[in-house]
Amino acid sequence: MNLRLGVDVGGTFTDLCALGESGRVRVTKVVTTYPDPAEGILQGVHTLCDTGDRVVCTILGTTAGLNAVLERRGAKTALITNAGFGDIYRMGRGDRPEMYNLHYHRPKPLVPRDWIFELPGRVGADADIIEPLDIERAALIAREIDSGGFESVAVCLLHSYCNPAHELELAALLRRYAPGCSLSLSHQVAREWREYERTSTTVVDAYVRPILERHLAELASGLKAAGHSPEILVMRSSGGLMPASKRTLEPVTVLLSGPVGGAIATRALIRELGLDDALAIDMGGTSFDVTLLTGGELPIGSETEVEGFPLLVSGVPVHTIGAGGGGVVWLEGRGLRVGPRSAGSVPGPICFRRGGTELTATDANACLGLIRSGTFVDGDLPLDIEAAGAAFTLTAAALEMDPARLQEGVIEIVNARMVGAIRALTIEQGLDARTYSLVAYGGNGPLHAAALAEELGIVRVVIPASPGAFSAWGMLFSEVRKDLSLTSLQSSSDIRPDDLEGLLQQLDEQATRFLVEAELDPGEAAYQWRAAMRYQGQEHTVEVPLPAPPASTRYLEEVLALFHELHQRSYGHSHPRQVVEFVTLRLSVLGPASTPEVAPAQAQAERAHPKECRVRWQGREVAVPIFHRDHLATGGIVGPCIVEERTATTFVPDNWTLEVDTDSRSLILQRGGA
Amino acid sequence: MSGPGPDPVLTEVLRNAFASIAEQMNRTLIRTAHSPVIYEMHDCSVGLFDRSGLLLGQSSGLPIFLGNLEEGIHVVLRQSGEAGLEPGDVFILNDSYLLGTHLSDMTVVAPIFVAGKLVGFSVSRAHWRDVGGKDPGAVKTEDIYQEGLRLGPTRIVRGGEVVEEILDILQRNSRTPELLRGDLHAQLSAASVGERGLAELLTRYPLETLQAAAEEIFTHSEVLDREAVAAVPDGRYHAEGLLDDDGLGSEPVRIALAVEICGDEMFVDLSGSSPQVTGNINCGRAQTISGCRVAFKMLFHPDAPVTGGSFRPLHVSIPEGSIFDAREPAACQFYFTPLGLLIDLFIKALAPVLPERVAAAHFGDSMVVDFVRRRPTPAGGFFLMAEALAGGWGASASQEGESALINNVNGGFRNMPVEVAEAKFPIRIRRFSLRSGSGGAGRNRGGLGVVREYEVLEDSVAVTLHLDRSLTPGWGLAGGGDGLGPAAAAMEGGEWRPLTLKTNLFPLPRGARVRVETGGGGGYGEPEDG
């Protein structure tokens, strides 16, 4: 059978999800292998495939690039900038994000000062050449780079976003004199102004490019050797896919793709369920990620950062707080705290018996009876509840309180922190969380979801099938995507309709070139236009979705009206008489969406007789029925109850009901009963 | 420990809830403000307080707005008394002598009533674009009347309705009346978010429970701070330094402090600091205390949340009539200038007894550089390009000082990209780099300042500089050398000439260049040979 394969390579585990023509979904989980993650992936592919199965397309979400940055294991990279500006990369924007830290230092740069080369030649803000490029010096630098053992070069020259001539001249010399180096040119990586941000983006691109190329080549040849198709699509931070050929590879766009798979999966799931607005929450061992989907769409931002380095790339904004199951219980003076630091998976919670000595939220869940030894990860990871209980007794004594109350309290505190994060996020966007559905996944999401919903006033919770492998599943539902941008500062007081059309035309041409390179049919591609606009005097811009140009002679007026309207909606005020500036124009090209058919769950003939267990809930020991998810029949179940499966445990409190949605195989929890 | 207090879990849940309400207030303010300085530079701060004016939760965009918002509540209570507050009242005030800030920082104090009973306050402060004054930005002012409209506690909302007559006065005295109205409404929105948040908590917990939890939270903060102070050896520690001048070319201005540790109490005495000056670098008492709190926070538990119990062991004694006790008619627009040095000196004073925790001094000033064309001329229209340049920070026992960071009274402030400056203004930046050799020598070297060189592309442009700390640059510690102080020069016709560090509207013809160099941080430890 032909299979489409979704792969989510995480720091600890790699999840794989295969979908065959029959619509049957298979999932598996393997340990991520270092230094070559392809090894683990291929092992997982082997486990998933029966004789006669062939993977025709692999969709890959990978943290290989991100890890290279975090662990500083990227390529030896040189940076070339203008004379007089070689310190820009080192200086950044001069801000101190940790206001009261007397010893604040920026993150360690990926390129040390000795590997930054300054080159005479200058382009002005109006795209004029003020001083020609020093060709002799450029050739010398290229030779020095060639003999210096560099694997990669980043080039970022001032104002290349409006005139890339010097970057292109320099690129030609580098190809000639340093042919072994891979090359990242700032105007190609991010055609936007602000030299530090563009430099930072280009450096990251150059730094991870050789790593990612190797990783993809190894995977492709491994797939081929096992009789599968070597075709790979890579997940980008924007939630779109990128063909993994050398010409189309844009390494910096894949860096933060990790948490995005879950958001895409949520989009696919809520569309199927006919829901509009959802809060996607991914609670794993170390962190709690929230994504807001309004109107069934993924949010998209045009700037992000990794470890303090700004990146001018499109990305789905995912908000993270340190509040996973591994969140550590500690005392600050006499105050009780949980997180943000996490015990992670190693040493992990005390009850995991992997050497962890600090109490965590997971230890509390184990002591309360909400997760059980013997069924947690199907019994593959026995829980030492006694050790966790003993540790709670000690900490509770220090606080002069009842240990059982402390266990429940730890969960209350973790939930309060997550609720606070969600409230701040929705308030910031002027949204009311109560009108959203909560889609909960990750190992710990389903356990906490109902309690969070209760606090937030949310009445519907959705737990997808295989919540632990939801991101890998989501990979199957994305489409090829390319985000193009062009910075050109234009003022509404003197821009002519032709100017705007001309600029949009430039983006259109770039899009066409991409479609040819990616071998996609332009007839099937969708175009999304946006403009970053603001009132004169503002620094921040608002991203305005634009109608397809050049609709009419009134196009410019329409766009300005859209800006005022969006500003009013976002900030509560607008000023139609003020001068408006266009800063950056954007075009996202989307290939045809893939909407694979998933077979509905097998209806269970009979509800398996539930077991019972005792849990502590709201200050009392209560007996609660336990179901295994595979044996759950359709039809409503009234809480309280617990649903167990390999990768997660779902808790349904007493004023909630549970139903199984047959088509999507998800659990739907409704507050107050149906 | 004295017997079981309130439930530790509930206390922590409520602490998170208070912090979340403050965060929601701040995001509402930033999201709806009209002045870019608020929604981009986050020059604002909010707090949720209990009925006695003790801080429950805060969120701040500027380090120097550290936990002194309660002063606004005290001023309102002194004037009206608790009995004089009615549901639906909101007060505004900006008096530099009452609140310590410059007049453009507007403080909004909203008492929160639930079921007719006063239960707390929500307070916000935000930098309004213009509240009048002799020039936009009020440079070179000599008294407070030149700096804008000054307000004591004023009911801007009565019975839930904005008092339009008061708003009308404010708007008629501003160059940007529409922004002013928008920013006021943003602060009122933030206030109502705080009010709703507290009222909602009170539907779930009785006031007594909230108050008991708050007391417990305050105690936690107080214990943390007291333990930190008690760990410092008792004694009296001194430091002093000089500001270059008062901004109008006066003699150097002396800043002196003594820190006395006595058990778990810390007494800061600013005796010996200069009397009030004619220029606009006078600071009101409330912000002087904030400055000391910033230094305290940098030394002790910088990550711990600030609450109504924080800073209880810190007592600040401010000599009457000094530069730190601005009184009418002192000008206060650059009130933060002496605070930058004060914070450095506070840390220096304690260096002998906290060697592992301190750092050498930083470059020390906001380093304001403005290029301006005041009136339209044939060469072009009005423009103002205002920058605050970064500099070097001090080294410590464990590491070198960081280079090119904004000064200690600012935090999230970012430099203007070269590409943005050149696209928006008739200016070309010829060089923007680290200033080599500017960091103090030492076992660990001080951070480097920056060099920024500008070329003016049109006529009728002038430059204004406000650079300090040449007399007391970023000093070294434990045998480390001092960093270089700031420098400025202008080139016309091929020749560089030094510019005075406080320069007002120095005219520049087309093609002229200006070079500004900021100071470096001090080094730490004797330099090692070779």
# chains A, B, ... in the order shown; residues from 1 in each chain; ligands from 1
$ interface_residues --of "chain A" --to "chain B" --cutoff "7 Å" --atoms "only C-alpha atoms" --output "PyMOL selection string"
chain A and resi 84-88+91+93-97+99-102+105+125+158-159+193-195+333-337+400+409+413+416-417+420+424+427-428+538-540+571-572
$ select_by_dssp --residues "range 541-573 of chain A" --states "strand (DSSP E or B)" --output "PyMOL selection string"
chain A and resi 542-546
$ residues_around --residues "Trp475 in chain B" --least-positions-apart "3" --cutoff "12 Å" --atoms "only C-alpha atoms" --output "ChimeraX atom specification"
/B:239-241,341,344-345,347-348,359-364,392-396,401,438-442,445-447,469-472,478-485,519-525
$ write_last_selection --atoms "N, CA and C atoms" --output "tab-separated table (two decimals), in the first residue's frame"
chain	number	residue	atom	x	y	z
B	239	ALA	N	29.85	56.02	48.98
B	239	ALA	CA	30.35	56.25	47.62
B	239	ALA	C	29.88	57.62	47.17
B	240	GLU	N	30.63	58.25	46.32
B	240	GLU	CA	30.17	59.51	45.75
B	240	GLU	C	30.78	59.73	44.38
B	241	GLY	N	30.15	60.60	43.61
B	241	GLY	CA	30.63	60.89	42.27
B	241	GLY	C	30.06	62.21	41.79
B	341	LEU	N	23.51	57.60	38.00
B	341	LEU	CA	24.74	57.62	38.81
B	341	LEU	C	24.46	57.08	40.21
B	344	ASP	N	24.52	53.30	40.24
B	344	ASP	CA	25.91	52.83	40.18
B	344	ASP	C	26.62	52.99	41.53
B	345	LEU	N	26.39	54.14	42.19
B	345	LEU	CA	27.08	54.41	43.46
B	345	LEU	C	26.60	53.49	44.57
B	347	ILE	N	25.63	50.46	44.25
B	347	ILE	CA	26.31	49.18	44.04
B	347	ILE	C	27.78	49.27	44.45
B	348	LYS	N	28.40	50.41	44.12
B	348	LYS	CA	29.81	50.61	44.47
B	348	LYS	C	30.00	50.59	45.99
B	359	ALA	N	28.95	44.61	40.22
B	359	ALA	CA	29.71	44.79	38.99
B	359	ALA	C	30.30	46.19	39.05
B	360	ALA	N	31.35	46.42	38.26
B	360	ALA	CA	31.89	47.77	38.13
B	360	ALA	C	30.82	48.65	37.47
B	361	ALA	N	31.05	49.97	37.47
B	361	ALA	CA	30.02	50.90	37.00
B	361	ALA	C	29.84	50.81	35.48
B	362	HIS	N	28.64	51.20	35.03
B	362	HIS	CA	28.37	51.22	33.58
B	362	HIS	C	28.54	52.65	33.06
B	363	PHE	N	28.36	52.81	31.75
B	363	PHE	CA	28.63	54.12	31.12
B	363	PHE	C	27.73	55.22	31.67
B	364	GLY	N	26.53	54.82	32.12
B	364	GLY	CA	25.83	55.63	33.07
B	364	GLY	C	24.78	56.66	32.69
B	392	GLY	N	28.89	50.80	27.39
B	392	GLY	CA	29.46	49.61	28.01
B	392	GLY	C	29.03	49.44	29.46
B	393	TRP	N	28.86	48.20	29.89
B	393	TRP	CA	28.52	47.88	31.28
B	393	TRP	C	29.75	47.35	32.01
B	394	GLY	N	29.66	47.35	33.32
B	394	GLY	CA	30.82	47.01	34.12
B	394	GLY	C	31.10	45.52	34.20
B	395	ALA	N	32.36	45.19	34.37
B	395	ALA	CA	32.77	43.79	34.54
B	395	ALA	C	32.51	43.36	35.99
B	396	SER	N	32.49	42.06	36.21
B	396	SER	CA	32.31	41.54	37.56
B	396	SER	C	33.39	40.53	37.85
B	401	GLY	N	32.44	42.85	31.20
B	401	GLY	CA	31.23	43.65	31.09
B	401	GLY	C	30.66	43.50	29.69
B	438	SER	N	37.47	51.42	24.87
B	438	SER	CA	36.67	52.23	25.79
B	438	SER	C	36.36	51.51	27.10
B	439	GLY	N	36.49	50.19	27.11
B	439	GLY	CA	36.20	49.44	28.34
B	439	GLY	C	37.37	49.52	29.30
B	440	GLY	N	37.08	49.61	30.60
B	440	GLY	CA	38.14	49.67	31.60
B	440	GLY	C	38.97	48.40	31.59
B	441	ALA	N	40.29	48.55	31.79
B	441	ALA	CA	41.16	47.38	31.82
B	441	ALA	C	40.88	46.59	33.09
B	442	GLY	N	41.31	45.33	33.12
B	442	GLY	CA	41.11	44.54	34.32
B	442	GLY	C	41.27	43.06	34.03
B	445	ARG	N	37.60	42.64	31.59
B	445	ARG	CA	37.53	43.97	30.99
B	445	ARG	C	36.10	44.51	31.02
B	446	GLY	N	35.97	45.83	31.12
B	446	GLY	CA	34.66	46.47	31.04
B	446	GLY	C	34.11	46.41	29.63
B	447	GLY	N	32.79	46.49	29.49
B	447	GLY	CA	32.15	46.47	28.18
B	447	GLY	C	32.47	47.73	27.39
B	469	ARG	N	28.48	62.00	32.42
B	469	ARG	CA	29.41	61.00	32.95
B	469	ARG	C	30.81	61.09	32.35
B	470	SER	N	31.28	62.31	32.02
B	470	SER	CA	32.69	62.40	31.64
B	470	SER	C	33.56	62.58	32.88
B	471	LEU	N	33.02	63.24	33.94
B	471	LEU	CA	33.81	63.41	35.16
B	471	LEU	C	33.82	62.14	36.00
B	472	THR	N	32.73	61.40	35.96
B	472	THR	CA	32.67	60.14	36.70
B	472	THR	C	32.29	59.03	35.72
B	478	ALA	N	37.96	46.64	42.37
B	478	ALA	CA	38.96	45.66	42.79
B	478	ALA	C	40.24	45.78	41.96
B	479	GLY	N	40.63	47.01	41.66
B	479	GLY	CA	41.86	47.21	40.91
B	479	GLY	C	41.66	47.33	39.41
B	480	GLY	N	40.43	47.16	38.95
B	480	GLY	CA	40.15	47.32	37.52
B	480	GLY	C	40.15	48.79	37.14
B	481	GLY	N	40.44	49.07	35.86
B	481	GLY	CA	40.53	50.46	35.40
B	481	GLY	C	39.17	51.02	35.03
B	482	ASP	N	39.10	52.37	34.92
B	482	ASP	CA	37.87	53.04	34.50
B	482	ASP	C	37.66	52.91	33.00
B	483	GLY	N	36.40	52.92	32.59
B	483	GLY	CA	36.09	53.01	31.17
B	483	GLY	C	36.27	54.45	30.71
B	484	LEU	N	36.32	54.66	29.39
B	484	LEU	CA	36.38	56.03	28.89
B	484	LEU	C	35.03	56.69	29.07
B	485	GLY	N	35.03	58.01	29.22
B	485	GLY	CA	33.79	58.78	29.26
B	485	GLY	C	33.31	59.08	27.85
B	519	GLY	N	30.51	56.02	26.54
B	519	GLY	CA	31.53	55.50	27.45
B	519	GLY	C	31.50	53.98	27.56
B	520	GLY	N	32.58	53.47	28.14
B	520	GLY	CA	32.68	52.04	28.41
B	520	GLY	C	32.42	51.74	29.87
B	521	GLY	N	32.31	50.46	30.19
B	521	GLY	CA	32.14	50.04	31.58
B	521	GLY	C	33.48	49.87	32.27
B	522	GLY	N	33.44	49.86	33.60
B	522	GLY	CA	34.67	49.68	34.35
B	522	GLY	C	35.15	48.24	34.32
B	523	GLY	N	36.47	48.06	34.50
B	523	GLY	CA	37.04	46.71	34.55
B	523	GLY	C	36.98	46.16	35.96
B	524	TYR	N	37.22	44.86	36.11
B	524	TYR	CA	37.21	44.24	37.44
B	524	TYR	C	38.51	43.49	37.66
B	525	GLY	N	39.17	43.77	38.77
B	525	GLY	CA	40.41	43.07	39.14
B	525	GLY	C	41.62	43.68	38.45
$ select_by_dssp --residues "range 194-432 of chain B" --states "alpha helix (DSSP H)" --output "CSV table (one decimal) with N, CA and C atoms, in the first residue's frame"
chain,number,residue,atom,x,y,z
B,194,GLY,N,-8.4,46.0,35.7
B,194,GLY,CA,-8.0,45.7,37.1
B,194,GLY,C,-9.2,45.6,38.0
B,195,GLU,N,-10.2,46.5,37.8
B,195,GLU,CA,-11.4,46.5,38.6
B,195,GLU,C,-12.2,45.2,38.4
B,196,ARG,N,-12.4,44.8,37.1
B,196,ARG,CA,-13.1,43.6,36.8
B,196,ARG,C,-12.4,42.4,37.4
B,197,GLY,N,-11.1,42.4,37.2
B,197,GLY,CA,-10.3,41.2,37.7
B,197,GLY,C,-10.5,41.0,39.2
B,198,LEU,N,-10.3,42.1,40.0
B,198,LEU,CA,-10.4,42.0,41.4
B,198,LEU,C,-11.9,41.6,41.8
B,199,ALA,N,-12.8,42.3,41.2
B,199,ALA,CA,-14.2,42.0,41.5
B,199,ALA,C,-14.6,40.5,41.2
B,200,GLU,N,-14.0,40.0,40.1
B,200,GLU,CA,-14.3,38.6,39.8
B,200,GLU,C,-13.6,37.7,40.8
B,201,LEU,N,-12.4,38.0,41.3
B,201,LEU,CA,-11.8,37.2,42.4
B,201,LEU,C,-12.7,37.2,43.6
B,202,LEU,N,-13.3,38.4,43.9
B,202,LEU,CA,-14.1,38.5,45.1
B,202,LEU,C,-15.4,37.7,45.0
B,203,THR,N,-15.8,37.3,43.8
B,203,THR,CA,-17.0,36.5,43.7
B,203,THR,C,-16.7,35.1,44.1
B,204,ARG,N,-15.4,34.7,44.1
B,204,ARG,CA,-15.0,33.4,44.4
B,204,ARG,C,-14.3,33.2,45.8
B,207,LEU,N,-13.4,38.7,50.9
B,207,LEU,CA,-12.3,39.7,51.0
B,207,LEU,C,-11.3,39.3,52.1
B,208,GLU,N,-11.8,38.7,53.2
B,208,GLU,CA,-10.9,38.4,54.3
B,208,GLU,C,-9.8,37.4,53.8
B,209,THR,N,-10.2,36.4,53.0
B,209,THR,CA,-9.3,35.4,52.5
B,209,THR,C,-8.3,36.1,51.6
B,210,LEU,N,-8.8,37.0,50.7
B,210,LEU,CA,-7.8,37.7,49.8
B,210,LEU,C,-6.8,38.5,50.6
B,211,GLN,N,-7.3,39.2,51.6
B,211,GLN,CA,-6.5,40.0,52.4
B,211,GLN,C,-5.5,39.2,53.2
B,212,ALA,N,-5.9,38.0,53.7
B,212,ALA,CA,-5.0,37.1,54.5
B,212,ALA,C,-3.9,36.6,53.5
B,213,ALA,N,-4.3,36.2,52.3
B,213,ALA,CA,-3.3,35.7,51.4
B,213,ALA,C,-2.4,36.8,51.0
B,214,ALA,N,-2.9,38.1,50.8
B,214,ALA,CA,-2.0,39.2,50.5
B,214,ALA,C,-1.0,39.4,51.6
B,215,GLU,N,-1.5,39.4,52.8
B,215,GLU,CA,-0.6,39.6,53.9
B,215,GLU,C,0.6,38.5,53.9
B,216,GLU,N,0.2,37.3,53.6
B,216,GLU,CA,1.1,36.2,53.6
B,216,GLU,C,2.2,36.5,52.4
B,217,ILE,N,1.6,36.9,51.3
B,217,ILE,CA,2.5,37.2,50.1
B,217,ILE,C,3.5,38.3,50.5
B,218,PHE,N,3.0,39.4,51.2
B,218,PHE,CA,3.9,40.5,51.6
B,218,PHE,C,4.9,39.9,52.6
B,219,THR,N,4.5,39.1,53.5
B,219,THR,CA,5.5,38.5,54.4
B,219,THR,C,6.6,37.8,53.7
B,220,HIS,N,6.2,37.0,52.7
B,220,HIS,CA,7.2,36.2,52.0
B,220,HIS,C,8.2,37.2,51.4
B,221,SER,N,7.7,38.2,50.7
B,221,SER,CA,8.7,39.2,50.1
B,221,SER,C,9.6,39.8,51.2
B,222,GLU,N,8.9,40.2,52.3
B,222,GLU,CA,9.7,40.9,53.3
B,222,GLU,C,10.8,40.0,53.9
B,223,VAL,N,10.4,38.7,54.1
B,223,VAL,CA,11.4,37.7,54.7
B,223,VAL,C,12.6,37.6,53.7
B,224,LEU,N,12.2,37.4,52.4
B,224,LEU,CA,13.3,37.3,51.4
B,224,LEU,C,14.3,38.5,51.5
B,225,ASP,N,13.7,39.7,51.5
B,225,ASP,CA,14.5,40.9,51.5
B,225,ASP,C,15.3,41.0,52.8
B,226,ARG,N,14.7,40.7,53.9
B,226,ARG,CA,15.4,40.8,55.2
B,226,ARG,C,16.5,39.8,55.3
B,227,GLU,N,16.2,38.6,54.8
B,227,GLU,CA,17.3,37.6,54.9
B,227,GLU,C,18.5,38.1,54.0
B,228,ALA,N,18.2,38.7,52.9
B,228,ALA,CA,19.3,39.1,52.0
B,228,ALA,C,20.1,40.2,52.7
B,229,VAL,N,19.4,41.2,53.3
B,229,VAL,CA,20.1,42.3,53.9
B,229,VAL,C,20.9,41.8,55.2
B,230,ALA,N,20.3,40.9,55.9
B,230,ALA,CA,20.9,40.3,57.1
B,230,ALA,C,22.2,39.6,56.8
B,285,ARG,N,11.2,63.1,45.3
B,285,ARG,CA,11.5,62.1,46.3
B,285,ARG,C,11.0,60.7,45.9
B,286,ALA,N,9.8,60.6,45.3
B,286,ALA,CA,9.3,59.2,45.0
B,286,ALA,C,10.2,58.5,44.0
B,287,GLN,N,10.7,59.2,43.0
B,287,GLN,CA,11.5,58.5,42.0
B,287,GLN,C,12.9,58.3,42.6
B,288,THR,N,13.4,59.1,43.5
B,288,THR,CA,14.7,58.9,44.2
B,288,THR,C,14.6,57.5,44.9
B,289,ILE,N,13.5,57.3,45.6
B,289,ILE,CA,13.3,56.0,46.3
B,289,ILE,C,13.3,54.9,45.2
B,290,SER,N,12.6,55.1,44.1
B,290,SER,CA,12.6,54.1,43.0
B,290,SER,C,14.0,53.7,42.6
B,291,GLY,N,14.8,54.8,42.4
B,291,GLY,CA,16.2,54.6,42.0
B,291,GLY,C,16.9,53.6,43.0
B,292,CYS,N,16.7,53.9,44.3
B,292,CYS,CA,17.4,53.0,45.3
B,292,CYS,C,16.8,51.6,45.2
B,293,ARG,N,15.5,51.5,44.9
B,293,ARG,CA,14.9,50.2,44.8
B,293,ARG,C,15.5,49.4,43.6
B,294,VAL,N,15.7,50.1,42.5
B,294,VAL,CA,16.3,49.5,41.3
B,294,VAL,C,17.7,48.9,41.7
B,295,ALA,N,18.5,49.7,42.4
B,295,ALA,CA,19.8,49.2,42.8
B,295,ALA,C,19.7,48.0,43.8
B,296,PHE,N,18.8,48.1,44.7
B,296,PHE,CA,18.5,47.0,45.7
B,296,PHE,C,18.1,45.7,44.9
B,297,LYS,N,17.2,45.9,43.9
B,297,LYS,CA,16.7,44.7,43.2
B,297,LYS,C,17.9,44.1,42.3
B,298,MET,N,18.8,45.0,41.8
B,298,MET,CA,19.9,44.4,41.0
B,298,MET,C,20.8,43.6,41.9
B,299,LEU,N,20.8,43.9,43.2
B,299,LEU,CA,21.7,43.1,44.0
B,299,LEU,C,21.1,41.9,44.7
B,336,PHE,N,15.9,61.6,35.5
B,336,PHE,CA,16.6,60.2,35.6
B,336,PHE,C,18.1,60.3,35.5
B,337,THR,N,18.6,61.5,35.1
B,337,THR,CA,20.1,61.7,35.0
B,337,THR,C,20.8,61.4,36.3
B,338,PRO,N,20.4,62.0,37.4
B,338,PRO,CA,21.2,61.7,38.6
B,338,PRO,C,20.9,60.2,39.1
B,339,LEU,N,19.7,59.7,38.7
B,339,LEU,CA,19.4,58.3,39.2
B,339,LEU,C,20.4,57.3,38.6
B,340,GLY,N,20.8,57.5,37.4
B,340,GLY,CA,21.7,56.5,36.7
B,340,GLY,C,23.0,56.4,37.6
B,341,LEU,N,23.5,57.6,38.0
B,341,LEU,CA,24.7,57.6,38.8
B,341,LEU,C,24.5,57.1,40.2
B,342,LEU,N,23.3,57.4,40.8
B,342,LEU,CA,22.9,57.0,42.1
B,342,LEU,C,22.9,55.4,42.2
B,343,ILE,N,22.3,54.8,41.2
B,343,ILE,CA,22.3,53.3,41.2
B,343,ILE,C,23.7,52.7,41.1
B,344,ASP,N,24.5,53.3,40.2
B,344,ASP,CA,25.9,52.8,40.2
B,344,ASP,C,26.6,53.0,41.5
B,345,LEU,N,26.4,54.1,42.2
B,345,LEU,CA,27.1,54.4,43.5
B,345,LEU,C,26.6,53.5,44.6
B,346,PHE,N,25.3,53.2,44.6
B,346,PHE,CA,24.7,52.3,45.5
B,346,PHE,C,25.5,50.9,45.5
B,347,ILE,N,25.6,50.5,44.2
B,347,ILE,CA,26.3,49.2,44.0
B,347,ILE,C,27.8,49.3,44.4
B,348,LYS,N,28.4,50.4,44.1
B,348,LYS,CA,29.8,50.6,44.5
B,348,LYS,C,30.0,50.6,46.0
B,349,ALA,N,29.1,51.3,46.7
B,349,ALA,CA,29.2,51.4,48.2
B,349,ALA,C,29.2,50.0,48.8
B,350,LEU,N,28.4,49.0,48.2
B,350,LEU,CA,28.3,47.7,48.8
B,350,LEU,C,29.4,46.7,48.3
B,418,VAL,N,20.2,51.6,11.3
B,418,VAL,CA,20.8,52.4,10.3
B,418,VAL,C,19.8,52.6,9.1
B,419,GLU,N,19.3,51.5,8.7
B,419,GLU,CA,18.4,51.5,7.5
B,419,GLU,C,17.2,52.3,7.7
B,420,VAL,N,16.6,52.2,8.9
B,420,VAL,CA,15.4,53.0,9.2
B,420,VAL,C,15.7,54.5,9.3
B,421,ALA,N,16.8,54.8,10.0
B,421,ALA,CA,17.2,56.2,10.2
B,421,ALA,C,17.4,56.9,8.8
B,422,GLU,N,18.2,56.2,7.9
B,422,GLU,CA,18.5,56.7,6.6
B,422,GLU,C,17.3,56.9,5.7
B,423,ALA,N,16.3,56.0,5.9
B,423,ALA,CA,15.1,56.0,5.0
B,423,ALA,C,14.2,57.1,5.5
B,424,LYS,N,14.2,57.5,6.8
B,424,LYS,CA,13.2,58.4,7.3
B,424,LYS,C,13.7,59.8,7.4
$ residues_around --residues "range 82-96 of chain B" --least-positions-apart "2" --cutoff "7 Å" --atoms "only C-alpha atoms" --output "NGL selection string"
:B and (77 or 80 or 98-103 or 105-111 or 113 or 116 or 150-160 or 284 or 332)
$ closest_atom_pairs --of "range 235-343 of chain A" --to "range 7-23 of chain A" --cutoff "12 Å" --atoms "only C-alpha atoms" --output "JSON lines"
{"residue": "A:Met235", "atom": "CA", "partner": "A:Asp8", "partner_atom": "CA", "distance": 9.3}
{"residue": "A:Leu256", "atom": "CA", "partner": "A:Gly10", "partner_atom": "CA", "distance": 11.4}
{"residue": "A:Ser257", "atom": "CA", "partner": "A:Asp8", "partner_atom": "CA", "distance": 9.3}
{"residue": "A:Gly258", "atom": "CA", "partner": "A:Gly10", "partner_atom": "CA", "distance": 7.1}
{"residue": "A:Pro259", "atom": "CA", "partner": "A:Asp8", "partner_atom": "CA", "distance": 9.4}
{"residue": "A:Val260", "atom": "CA", "partner": "A:Asp8", "partner_atom": "CA", "distance": 10.1}
{"residue": "A:Gly261", "atom": "CA", "partner": "A:Asp8", "partner_atom": "CA", "distance": 7.8}
{"residue": "A:Gly262", "atom": "CA", "partner": "A:Asp8", "partner_atom": "CA", "distance": 10.0}
{"residue": "A:Gly284", "atom": "CA", "partner": "A:Thr12", "partner_atom": "CA", "distance": 11.4}
{"residue": "A:Gly285", "atom": "CA", "partner": "A:Thr12", "partner_atom": "CA", "distance": 10.5}
{"residue": "A:Thr286", "atom": "CA", "partner": "A:Gly11", "partner_atom": "CA", "distance": 11.1}
$ atom_distance --atom1 "CA of Ser664 in chain A" --atom2 "CA of Val459 in chain A"
19.4 Å
$ atom_distance --atom1 "CA of Asp244 in chain B" --atom2 "CA of Glu387 in chain B"
20.3 Å
$ closest_atom_pairs --of "range 494-554 of chain A" --to "range 244-252 of chain A" --cutoff "12 Å" --atoms "only C-alpha atoms" --output "Markdown table"
| residue | atom | partner | partner_atom | distance |
| --- | --- | --- | --- | --- |
| A:Arg513 | CA | A:Thr248 | CA | 10.6 |
| A:Phe514 | CA | A:Thr248 | CA | 7.7 |
| A:Leu515 | CA | A:Thr248 | CA | 9.9 |
| A:Val516 | CA | A:Thr248 | CA | 10.4 |
| A:Glu517 | CA | A:Thr248 | CA | 7.0 |
| A:Ala518 | CA | A:Thr248 | CA | 6.9 |
| A:Glu519 | CA | A:Thr248 | CA | 10.6 |
$ write_last_selection --atoms "C-alpha atoms" --output "PDB file, in the first residue's frame"
ATOM      1  CA  ARG A 513       9.804  31.418 -10.140  1.00  0.00           C
ATOM      2  CA  PHE A 514       9.268  29.468  -6.910  1.00  0.00           C
ATOM      3  CA  LEU A 515       6.375  27.485  -8.362  1.00  0.00           C
ATOM      4  CA  VAL A 516       8.558  26.493 -11.316  1.00  0.00           C
ATOM      5  CA  GLU A 517      11.391  25.419  -9.007  1.00  0.00           C
ATOM      6  CA  ALA A 518       9.006  23.466  -6.774  1.00  0.00           C
ATOM      7  CA  GLU A 519       7.365  21.892  -9.845  1.00  0.00           C
TER       8      GLU A 519
END
